[in-house]
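Engineer: Questions regarding the structure given below will be posed in turn.
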Amino acid sequence: MRFSENWLRELIALPVDHDRLLEQFNLLGLEVDACEPAAPEFSGVLVAEIIELEKHPDADRLRVCKVDAGQGELLQIVCGASNAVAGMKAPLALVGAVLPGDIKINKGKLRGVESFGMLCSEAELGLAEKSAGLLALPGNAPVGTDIREYLDLNDHIIEIDLTPNRGDCLSMIGLARECAAANGLVLSPPTIKPVRASIKDTLPVKLEATQACPRYCGRVIRNIDPAAKTPWWMVEKLRRGGIRAIHPVVDITNFVMLELGQPMHGFDLRKLKGGIHVRMAEQGESLTLLDGVEIKLNAESLVIADQQQALALAGVMGGADSGVENDTCDIFFESAYFAPAVIMGRARQFGLHTDSSHRFERGVDPDLQRRAIERATGLLLEIAGGEAGPVIDIKEAAAIPVKPVVWLRAGEIKRLLGCNFAAKEVESILKSTGCTIKGGKGSWQVQPPSYRFDLNIEADMIEELARLRGYDRIPRRLPAFIPRHPQASEFRQSVERITSILLDNGYQEVVTYSFIDPALQRLIDPDAQPLQLRNPISADLSVMRSSLIGSLLNTLVYNINRQQKQLKLFETGSRYCPDGQDVIEERLLAGLCYGPRLAEGWQADAAAVDFYDIKGDVERLLAVGEGIGDIRYVSETHAALHPGQSARIYRGQQPIGWLGAIHPSIVKQLDLGTAAFVFELELCRLLSATPPVFSPISRFPSIRRDFSFEVDETVRWEEVQDCIQKVAPETLTEVRLFDVYSGKGVTPGRKSFAIGLILQEISRTLTDVEIESATSEILVALTENLGVTLRE
């Protein structure tokens with residue numbers, strides 16, 4: 001919010017100076033972002049009147065003026081401005097004046113004619129970046145008056161950075177209310193007298209989208225003077241508020257927006273066909289905005305329309321086909337309340353951000369519309385004349401928000417702020433914000449005003465008490481508390497424990513966006529239908545990821561482009577999968593390995609990481625939870641992984657993740673140069689843990705029996721393990737695979753496993769009969785189920 005300090009002081013007689021005012025704003029939570037003079041330093045410039053002028057004898061573009069500056073005699077000024085005419089009043093820099101940029105005005109000659117000063121433009125006084133001629137002052141400007149005094153240039157322009165919940169401060173009245181409350185003053189808002197209708201003209205207004213627009217006010221005004229000019233005082237207030245003057249009708253709507261906080265719009269009445277319809281747009285309906293840009297609307301866009309077409313994007317910007325022009329004589333003023341949820345994000349959807357959308361997104365007072373239209377009508381009739389019709393005020397009362405009554409308790413004030421507030425102070429502070437209060441014996445019923453969208457619950461009221469008393473006056477006192485340490489569970493481990501294992505193994509944690517490039521998303525998970533963002537921060541971050549692998553590959557490419565050749569990365573984050581009308585969010589842990597296994601060095605092998613490197617890292621992760629005894633790696637297909645170097649990871653029968661090399665086509669498309677290996681695990685499956693159980697060490701010897709057998713080459717080791725475990729006695733403590741071989745001496749199409757069976761009893765030494773019985777039963781099961789044959 002950018003505004004003139006002098007304008008604020010016109011609304012309320014502040015007892016504080018400029019510096020204290022800025023300090024108060026900061027203490028109130030209204031952060032002062034910038035402060036600058038309304039005009040640069042200059043001196044010696046007066047209001048002057050051109051009495052007569054004649055052509056310069058030696059220059060076609062120069063004229064010699066006789067100027068009255070209240071100095072007792074006419075001054076001769078040579079001027080080149082094209083708009084200089086007799087009777088015009090303009091700023092005059094006298095001899096000895098100093099203009100912005102430390103430009104000193106001296107007596108001089110222009111083409112042989114003496115000049116005793118300089119008539120000034122806005123740009124020369126530092127009031128505009130450029131200007132086409134002299135700054136024309138009103139005809140009643142008093143000659144000889146210092147221009148700084150006349151134009152009220154001894155002012156400051158303050159810019160405040162407001163939080164989104166303080167839309168009520170996006171107006172001069174809102175800021176004046178804050179200053180009144182901070183200084184213990186009573187604000188008397190400017191009286192807005194209703195303008196009596198002098199004609200009966202109206203327009204039919206139909207509210208079709210009542211939830212989006214529950215209140216709409218309008219007014220027909222005819223026969224305004226198209227030659228009327230916006231008065232200088234309004235132009236300056238707008239300029240200091242960051243708005244350029246355009247046309248009296250537009251300037252008045254902008255002035256009312258700055259003063260009261262109600263955005264308005266003025267339509268050229270002759271361009272309206274039939275009545276006003278407030279409705280949702282049709283899908284694909286087009287609208288050309290005031291800036292000349294044509295947009296395609298969707299069914300979620302609220303529009304102001306007539307019987308033929310959409311006229312304006314409600315709460316954002318008017319349309320070019322119904323805007324006022326220099327010859328406009330009849331207008332229709334609009335002042336409406338639009339629900340914040342309906343306007344929120346609509347401007348950004350079309351690449352816009354306007355003063356109007358900024359206010360409607362944060363909330364505009366639903367009781368303000370009629371006052372605003374009366375204020376605008378009075379200003380327009382004063383500036384441009386005309387005849388006003390009756391005010392049209394259409395409401396859908398059930399859809400207009402009503403502020404809730406909030407219970408405020410003295411005990412809760414003490415609990416949250418750590419100090420007591422006297423009942424009178426509580427009531428005084430809350431009344432200064434516009435709240436109505438009932439009660440007073442330790443509790444109050446508080447009704448917030450309609451313009452305070454941030455006051456809804458008891459904590460909001462308590463925050464308001466602290467803010468307006470002053471945070472610097474709240475005692476600093478540490479709250480008393482009893483430390484409570486969460487009880488650690490043996491059946492669950494922390495994310496920190498999991499990630500520390502990866503850190504210990506040389507991985508680096510990364511944090512990436514949950515958004516991803518749609519093209520990369522299709523590479524990683526072509527079958528998924530990712531969630532599209534309505535307002536993405538960029539085109540290459542426009543869908544929600546369904547896997548963390550894409551984010552890690554993005555990070556890998558970024559680092560490769562910066563000459564990083566050895567990387568081990570991991571991330572814990574969420575993936576998002578549509579499920580009908582809902583979205584499933586799942587937490588994952590993903591990792592990536594790339595480049596040489598060891599850093600370059602004379603003693604290091606230059607071999608690159610492979611599948612078994614990252615598989616070992618995964619097994620270290622799985623071992624700290626429920627162990628790896630029931631972990632299986634099953635060859636399955638994943639679109640992002642190499643079909644010959646990938647596996648799906650199961651715990652028992654439950655899939656918990658993937659492991660493998662990135663698909664060669666993706667390696668080529670991303671220009672990775674060499675293979676990258678990734679894993680992705682469901683985080684919740686890693687967090688469960690099995691408590692350790694004590695097993696005594698047997699005093700009796702263990703017995704080992706080794707066997708070598710052939711099996712079909714399609715049989716996996718996990719199948720052999722499962723078959724052994726099904727028939728093994730309790731005395732079998734371990735199965736060791738110590739050799740895998742295929743080739744000469746082994747039947748074609750088969751492979752050889754060499755295993756060691758370790759048997760041991762806790763209370764005695766096993767007999768040969770028991771050992772032979774156990775091993776025979778195991779071999780029979782392997783032969784019958786997997787077709788193994790013992791090798792000689």
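Every chain in the structure tokens takes a letter, A first, then B, and so on in the order presented; its residues are numbered from 1, and the ligands are numbered from 1 following the presented order.
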Skip A:Leu137 itself and residues of its chain fewer than 2 positions away, then list as a PyMOL selection string all residues within 9 Å of it, counting only C-alpha atoms.
Structural biologist: chain A and resi 47+88-91+135+139-141+232
Engineer: If you count only C-alpha atoms, which residues fall within 6 Å of stretch 491-504 of chain A, apart from same-chain ones fewer than 4 positions away, as an MDAnalysis selection string?
Structural biologist: chainID A and resid 687:690
Engineer: If you keep all heavy atoms, can you produce a file of those selected residues as an mmCIF file, in the first residue's frame?
Structural biologist:
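The resulting result.cif:
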data_model
loop_
_atom_site.group_PDB
_atom_site.id
_atom_site.type_symbol
_atom_site.label_atom_id
_atom_site.label_comp_id
_atom_site.auth_asym_id
_atom_site.auth_seq_id
_atom_site.Cartn_x
_atom_site.Cartn_y
_atom_site.Cartn_z
ATOM 1 N N LEU A 687 10.290 -47.485 8.508
ATOM 2 C CA LEU A 687 10.261 -46.963 9.871
ATOM 3 C C LEU A 687 9.889 -48.003 10.911
ATOM 4 O O LEU A 687 10.165 -47.833 12.095
ATOM 5 C CB LEU A 687 9.292 -45.777 9.954
ATOM 6 C CG LEU A 687 9.653 -44.574 9.058
ATOM 7 C CD1 LEU A 687 8.643 -43.453 9.248
ATOM 8 C CD2 LEU A 687 11.064 -44.080 9.345
ATOM 9 N N SER A 688 9.222 -49.087 10.494
ATOM 10 C CA SER A 688 8.893 -50.132 11.462
ATOM 11 C C SER A 688 10.154 -50.930 11.778
ATOM 12 O O SER A 688 11.035 -51.091 10.941
ATOM 13 C CB SER A 688 7.802 -51.054 10.900
ATOM 14 O OG SER A 688 8.236 -51.619 9.684
ATOM 15 N N ALA A 689 10.243 -51.414 13.010
ATOM 16 C CA ALA A 689 11.446 -52.117 13.464
ATOM 17 C C ALA A 689 11.072 -53.311 14.327
ATOM 18 O O ALA A 689 10.017 -53.332 14.967
ATOM 19 C CB ALA A 689 12.350 -51.164 14.249
ATOM 20 N N THR A 690 11.929 -54.307 14.318
ATOM 21 C CA THR A 690 11.758 -55.483 15.171
ATOM 22 C C THR A 690 12.770 -55.401 16.314
ATOM 23 O O THR A 690 13.982 -55.296 16.063
ATOM 24 C CB THR A 690 11.996 -56.775 14.367
ATOM 25 O OG1 THR A 690 11.068 -56.819 13.285
ATOM 26 C CG2 THR A 690 11.826 -57.996 15.255
#
Engineer: List every residue of stretch 238-340 of chain A that DSSP, applied to the backbone, labels as strand (DSSP E or B), and write the result as a PyMOL selection string.
Structural biologist: chain A and resi 265-268+276-280+286-289+294-296+302-305+310-313+317-319+323+331-337
Engineer: Give me the residues near A:Lys206 as number ranges by chain, where near means some atom within 9 Å (using only C-alpha atoms) and where sequence neighbours in that chain fewer than 4 positions away do not count.
Structural biologist: A: 275-279, 394
Engineer: Hey, what's within 10 Å of A:Met1 if we count only C-alpha atoms and toss same-chain stuff fewer than 5 positions away? As a list in words, please?
Structural biologist: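 So, after excluding close chain neighbours, the residues are Leu30, Val32, Asp33, Ile158, Glu159, Ile160, Asp161, Leu162, Gly167, Cys169, Leu170, Ser171, Met172, Leu175, Gly241, Gly242, Leu258 and Asp355 of chain A.
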Engineer: Keeping only C-alpha atoms, write the selected residues to a file as a PDB file, in the first residue's frame.
Structural biologist:
ATOM      1  CA  LEU A  30       2.305  -2.840   9.164  1.00  0.00           C
ATOM      2  CA  VAL A  32       7.208   0.155   6.344  1.00  0.00           C
ATOM      3  CA  ASP A  33       8.865  -1.024   3.158  1.00  0.00           C
ATOM      4  CA  ILE A 158       5.097   5.836   2.450  1.00  0.00           C
ATOM      5  CA  GLU A 159       4.925   2.276   1.200  1.00  0.00           C
ATOM      6  CA  ILE A 160       3.698  -0.409   3.585  1.00  0.00           C
ATOM      7  CA  ASP A 161       4.118  -4.137   3.048  1.00  0.00           C
ATOM      8  CA  LEU A 162       0.892  -5.698   4.319  1.00  0.00           C
ATOM      9  CA  GLY A 167      -6.876  -6.225   3.466  1.00  0.00           C
ATOM     10  CA  CYS A 169      -5.472  -1.526   5.553  1.00  0.00           C
ATOM     11  CA  LEU A 170      -5.477  -1.245   1.758  1.00  0.00           C
ATOM     12  CA  SER A 171      -7.201   2.137   2.072  1.00  0.00           C
ATOM     13  CA  MET A 172      -6.592   5.516   3.644  1.00  0.00           C
ATOM     14  CA  LEU A 175      -4.751   3.180   7.845  1.00  0.00           C
ATOM     15  CA  GLY A 241      -0.565   6.329  -4.361  1.00  0.00           C
ATOM     16  CA  GLY A 242       1.223   4.876  -7.392  1.00  0.00           C
ATOM     17  CA  LEU A 258      -7.542   4.371  -2.346  1.00  0.00           C
ATOM     18  CA  ASP A 355      -5.053  -3.078  -7.630  1.00  0.00           C
TER      19      ASP A 355
END
Engineer: Just the residues within 7 Å of stretch 34-42 of chain A, please, counting only C-alpha atoms, with nothing from its chain fewer than 3 positions along; format it as a list in words.
Structural biologist: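 Surrounding residues, per the criterion: Val98, Leu99, Pro100, Gly126, Leu127, Leu153, Asn154, Asp155, His156, Ile157, Ile158, Glu159 and Arg240 of chain A.
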Engineer: Rank nothing, just name the residue among A:Gly351, A:Gly101, A:Gly218, A:Pro248 nearest to A:Glu374, using only C-alpha atoms.
Structural biologist: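 Smallest separation from A:Glu374 among the options: A:Gly218.
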Engineer: Separation of atom CA of A:Phe570 and atom CA of A:Arg534, in Å?
Structural biologist: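 Atom CA of A:Arg534 lies 28.9 Å from atom CA of A:Phe570.
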Engineer: Using atom CA of A:Arg522 and atom CA of A:Glu509 as the two end points, give the distance in Å to one decimal.
Structural biologist: 24.9 Å
Engineer: Residues of stretch 631-680 of chain A in alpha helix (DSSP H) according to DSSP, as a PyMOL selection string?
Structural biologist: chain A and resi 664-669
Engineer: Include N, CA and C atoms and write out the residues we just selected as a PDB file, in the first residue's frame.
Structural biologist:
ATOM      1  N   PRO A 664      18.485 -46.939 -20.556  1.00  0.00           N
ATOM      2  CA  PRO A 664      19.451 -46.336 -21.493  1.00  0.00           C
ATOM      3  C   PRO A 664      18.865 -45.204 -22.342  1.00  0.00           C
ATOM      4  N   SER A 665      17.599 -45.295 -22.727  1.00  0.00           N
ATOM      5  CA  SER A 665      17.001 -44.226 -23.543  1.00  0.00           C
ATOM      6  C   SER A 665      16.914 -42.917 -22.758  1.00  0.00           C
ATOM      7  N   ILE A 666      16.661 -43.004 -21.440  1.00  0.00           N
ATOM      8  CA  ILE A 666      16.609 -41.797 -20.608  1.00  0.00           C
ATOM      9  C   ILE A 666      18.020 -41.257 -20.396  1.00  0.00           C
ATOM     10  N   VAL A 667      18.988 -42.177 -20.209  1.00  0.00           N
ATOM     11  CA  VAL A 667      20.385 -41.746 -20.078  1.00  0.00           C
ATOM     12  C   VAL A 667      20.808 -40.947 -21.297  1.00  0.00           C
ATOM     13  N   LYS A 668      20.402 -41.428 -22.485  1.00  0.00           N
ATOM     14  CA  LYS A 668      20.756 -40.741 -23.719  1.00  0.00           C
ATOM     15  C   LYS A 668      20.022 -39.417 -23.866  1.00  0.00           C
ATOM     16  N   GLN A 669      18.738 -39.424 -23.558  1.00  0.00           N
ATOM     17  CA  GLN A 669      17.937 -38.209 -23.731  1.00  0.00           C
ATOM     18  C   GLN A 669      18.387 -37.092 -22.785  1.00  0.00           C
TER      19      GLN A 669
END
Engineer: What does the distance from atom CA of A:Ile755 to atom CA of A:Val720 come to in Å, to one decimal?
Structural biologist: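 We find that atom CA of A:Ile755 and atom CA of A:Val720 lie 10.3 Å from each other.
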Engineer: Give me the residues near A:Gln71 as a PyMOL selection string, where near means some atom within 12 Å (using only C-alpha atoms) and where sequence neighbours in that chain fewer than 6 positions away do not count.
Structural biologist: chain A and resi 46-49+92+94+143-145
Engineer: Keeping all heavy atoms, export the residues of the selection given above as a PDB file, in the first residue's frame.
Structural biologist:
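Output file out-v4.pdb follows:
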ATOM      1  N   LEU A  46       7.726  29.607  -8.083  1.00  0.00           N
ATOM      2  CA  LEU A  46       6.476  30.235  -7.677  1.00  0.00           C
ATOM      3  C   LEU A  46       5.378  29.966  -8.695  1.00  0.00           C
ATOM      4  O   LEU A  46       5.650  29.592  -9.846  1.00  0.00           O
ATOM      5  CB  LEU A  46       6.668  31.753  -7.538  1.00  0.00           C
ATOM      6  CG  LEU A  46       7.805  32.247  -6.649  1.00  0.00           C
ATOM      7  CD1 LEU A  46       7.852  33.772  -6.678  1.00  0.00           C
ATOM      8  CD2 LEU A  46       7.646  31.734  -5.223  1.00  0.00           C
ATOM      9  N   VAL A  47       4.127  30.179  -8.233  1.00  0.00           N
ATOM     10  CA  VAL A  47       2.992  30.162  -9.160  1.00  0.00           C
ATOM     11  C   VAL A  47       3.036  31.452  -9.966  1.00  0.00           C
ATOM     12  O   VAL A  47       3.139  32.547  -9.402  1.00  0.00           O
ATOM     13  CB  VAL A  47       1.659  30.047  -8.410  1.00  0.00           C
ATOM     14  CG1 VAL A  47       0.482  30.145  -9.391  1.00  0.00           C
ATOM     15  CG2 VAL A  47       1.597  28.751  -7.615  1.00  0.00           C
ATOM     16  N   ALA A  48       2.985  31.341 -11.299  1.00  0.00           N
ATOM     17  CA  ALA A  48       3.054  32.522 -12.162  1.00  0.00           C
ATOM     18  C   ALA A  48       1.974  32.438 -13.228  1.00  0.00           C
ATOM     19  O   ALA A  48       1.469  31.354 -13.536  1.00  0.00           O
ATOM     20  CB  ALA A  48       4.432  32.621 -12.806  1.00  0.00           C
ATOM     21  N   GLU A  49       1.645  33.617 -13.788  1.00  0.00           N
ATOM     22  CA  GLU A  49       0.636  33.684 -14.838  1.00  0.00           C
ATOM     23  C   GLU A  49       1.250  34.346 -16.064  1.00  0.00           C
ATOM     24  O   GLU A  49       1.915  35.381 -15.974  1.00  0.00           O
ATOM     25  CB  GLU A  49      -0.582  34.486 -14.388  1.00  0.00           C
ATOM     26  CG  GLU A  49      -1.678  34.563 -15.446  1.00  0.00           C
ATOM     27  CD  GLU A  49      -2.900  35.330 -14.979  1.00  0.00           C
ATOM     28  OE1 GLU A  49      -2.874  35.856 -13.841  1.00  0.00           O
ATOM     29  OE2 GLU A  49      -3.877  35.411 -15.743  1.00  0.00           O
ATOM     30  N   LEU A  92       7.060  28.912 -12.152  1.00  0.00           N
ATOM     31  CA  LEU A  92       8.159  29.723 -12.668  1.00  0.00           C
ATOM     32  C   LEU A  92       9.344  29.634 -11.716  1.00  0.00           C
ATOM     33  O   LEU A  92       9.218  29.943 -10.526  1.00  0.00           O
ATOM     34  CB  LEU A  92       7.736  31.188 -12.823  1.00  0.00           C
ATOM     35  CG  LEU A  92       8.860  32.165 -13.193  1.00  0.00           C
ATOM     36  CD1 LEU A  92       9.393  31.876 -14.594  1.00  0.00           C
ATOM     37  CD2 LEU A  92       8.388  33.602 -13.062  1.00  0.00           C
ATOM     38  N   LEU A  94      12.524  31.301 -10.567  1.00  0.00           N
ATOM     39  CA  LEU A  94      13.141  32.626 -10.623  1.00  0.00           C
ATOM     40  C   LEU A  94      14.658  32.503 -10.756  1.00  0.00           C
ATOM     41  O   LEU A  94      15.235  31.422 -10.527  1.00  0.00           O
ATOM     42  CB  LEU A  94      12.793  33.410  -9.362  1.00  0.00           C
ATOM     43  CG  LEU A  94      11.293  33.653  -9.079  1.00  0.00           C
ATOM     44  CD1 LEU A  94      11.134  34.302  -7.718  1.00  0.00           C
ATOM     45  CD2 LEU A  94      10.667  34.510 -10.168  1.00  0.00           C
ATOM     46  N   VAL A 143      -1.193  33.637  -7.610  1.00  0.00           N
ATOM     47  CA  VAL A 143       0.088  34.059  -8.174  1.00  0.00           C
ATOM     48  C   VAL A 143       1.039  34.471  -7.059  1.00  0.00           C
ATOM     49  O   VAL A 143       0.648  35.146  -6.110  1.00  0.00           O
ATOM     50  CB  VAL A 143      -0.123  35.213  -9.168  1.00  0.00           C
ATOM     51  CG1 VAL A 143       1.220  35.802  -9.613  1.00  0.00           C
ATOM     52  CG2 VAL A 143      -0.908  34.727 -10.381  1.00  0.00           C
ATOM     53  N   GLY A 144       2.297  34.053  -7.195  1.00  0.00           N
ATOM     54  CA  GLY A 144       3.330  34.414  -6.229  1.00  0.00           C
ATOM     55  C   GLY A 144       3.499  33.418  -5.102  1.00  0.00           C
ATOM     56  O   GLY A 144       4.435  33.530  -4.303  1.00  0.00           O
ATOM     57  N   THR A 145       2.604  32.426  -5.000  1.00  0.00           N
ATOM     58  CA  THR A 145       2.699  31.418  -3.942  1.00  0.00           C
ATOM     59  C   THR A 145       3.797  30.416  -4.277  1.00  0.00           C
ATOM     60  O   THR A 145       3.953  30.003  -5.440  1.00  0.00           O
ATOM     61  CB  THR A 145       1.360  30.675  -3.781  1.00  0.00           C
ATOM     62  OG1 THR A 145       0.335  31.622  -3.509  1.00  0.00           O
ATOM     63  CG2 THR A 145       1.429  29.653  -2.651  1.00  0.00           C
TER      64      THR A 145
END
Engineer: Go through A:Ile51, A:Val543, A:Gly434, A:Pro231 and flag the residue nearest A:Glu73, using only C-alpha atoms for the distances.
Structural biologist: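 When distances to A:Glu73 are compared using only C-alpha atoms, the smallest one comes from A:Ile51.
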Engineer: Which of these residues is nearest to A:Ile50, using only C-alpha atoms: A:Val293, A:Ala123, A:Val426, A:Val78?
Structural biologist: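 Of all the options, A:Val78 lies closest to A:Ile50.
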Engineer: Hey, what's within 12 Å of A:Gln211 if we count only C-alpha atoms and toss same-chain stuff fewer than 6 positions away? As a list of chain:residue names, please?
Structural biologist: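 The residues that qualify are A:Val278, A:Arg279, A:Met280, A:Leu302, A:Tyr337, A:Phe338, A:Ala339, A:Pro340, A:Ala341, A:Val342, A:Ile343, A:Lys395, A:Glu396, A:Ala397, A:Ala398, A:Ala399, A:Ile400, A:Pro401.
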Engineer: Take the residues just selected and output them with C-alpha atoms as an mmCIF file, in the first residue's frame.
Structural biologist:
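For reference, out_19.cif as written:
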data_model
loop_
_atom_site.group_PDB
_atom_site.id
_atom_site.type_symbol
_atom_site.label_atom_id
_atom_site.label_comp_id
_atom_site.auth_asym_id
_atom_site.auth_seq_id
_atom_site.Cartn_x
_atom_site.Cartn_y
_atom_site.Cartn_z
ATOM 1 C CA VAL A 278 -23.266 -11.133 -13.027
ATOM 2 C CA ARG A 279 -22.547 -14.717 -14.062
ATOM 3 C CA MET A 280 -19.891 -17.368 -14.499
ATOM 4 C CA LEU A 302 -16.749 -14.640 -12.836
ATOM 5 C CA TYR A 337 -18.760 -7.307 -3.319
ATOM 6 C CA PHE A 338 -17.015 -10.392 -4.712
ATOM 7 C CA ALA A 339 -16.212 -13.395 -2.509
ATOM 8 C CA PRO A 340 -12.416 -13.638 -1.998
ATOM 9 C CA ALA A 341 -12.337 -17.368 -2.796
ATOM 10 C CA VAL A 342 -13.822 -16.702 -6.245
ATOM 11 C CA ILE A 343 -11.359 -13.945 -7.180
ATOM 12 C CA LYS A 395 -28.353 -8.205 -2.463
ATOM 13 C CA GLU A 396 -28.450 -11.907 -1.736
ATOM 14 C CA ALA A 397 -28.446 -11.537 2.055
ATOM 15 C CA ALA A 398 -27.895 -15.240 2.775
ATOM 16 C CA ALA A 399 -24.593 -15.220 0.850
ATOM 17 C CA ILE A 400 -23.140 -12.069 2.429
ATOM 18 C CA PRO A 401 -20.599 -13.067 5.105
#
Engineer: Just checking: using only C-alpha atoms, which residue out of A:Arg648, A:His638, A:Arg704, A:Arg587 ends up closest to A:Cys684?
Structural biologist: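 Answer, going by the shortest atom-to-atom distance: A:Arg587.
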Engineer: I need the residue nearest A:Lys237 from this list: A:Leu408, A:Cys217, A:Leu8, A:Ile457. Use only C-alpha atoms for the distance.
Structural biologist: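 The shortest atom-to-atom distance to A:Lys237 comes from A:Leu8.
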Engineer: Using only C-alpha atoms, which residues of stretch 543-637 of chain A come within 12 Å of stretch 483-490 of chain A, and what is the closest atom pair for each, with the distance in Å to one decimal? Give it as CSV, sorted by chain and residue number.
Structural biologist:
residue,atom,partner,partner_atom,distance
A:Val624,CA,A:Glu490,CA,11.8
A:Gly625,CA,A:Glu490,CA,10.0
A:Glu626,CA,A:Glu490,CA,11.1
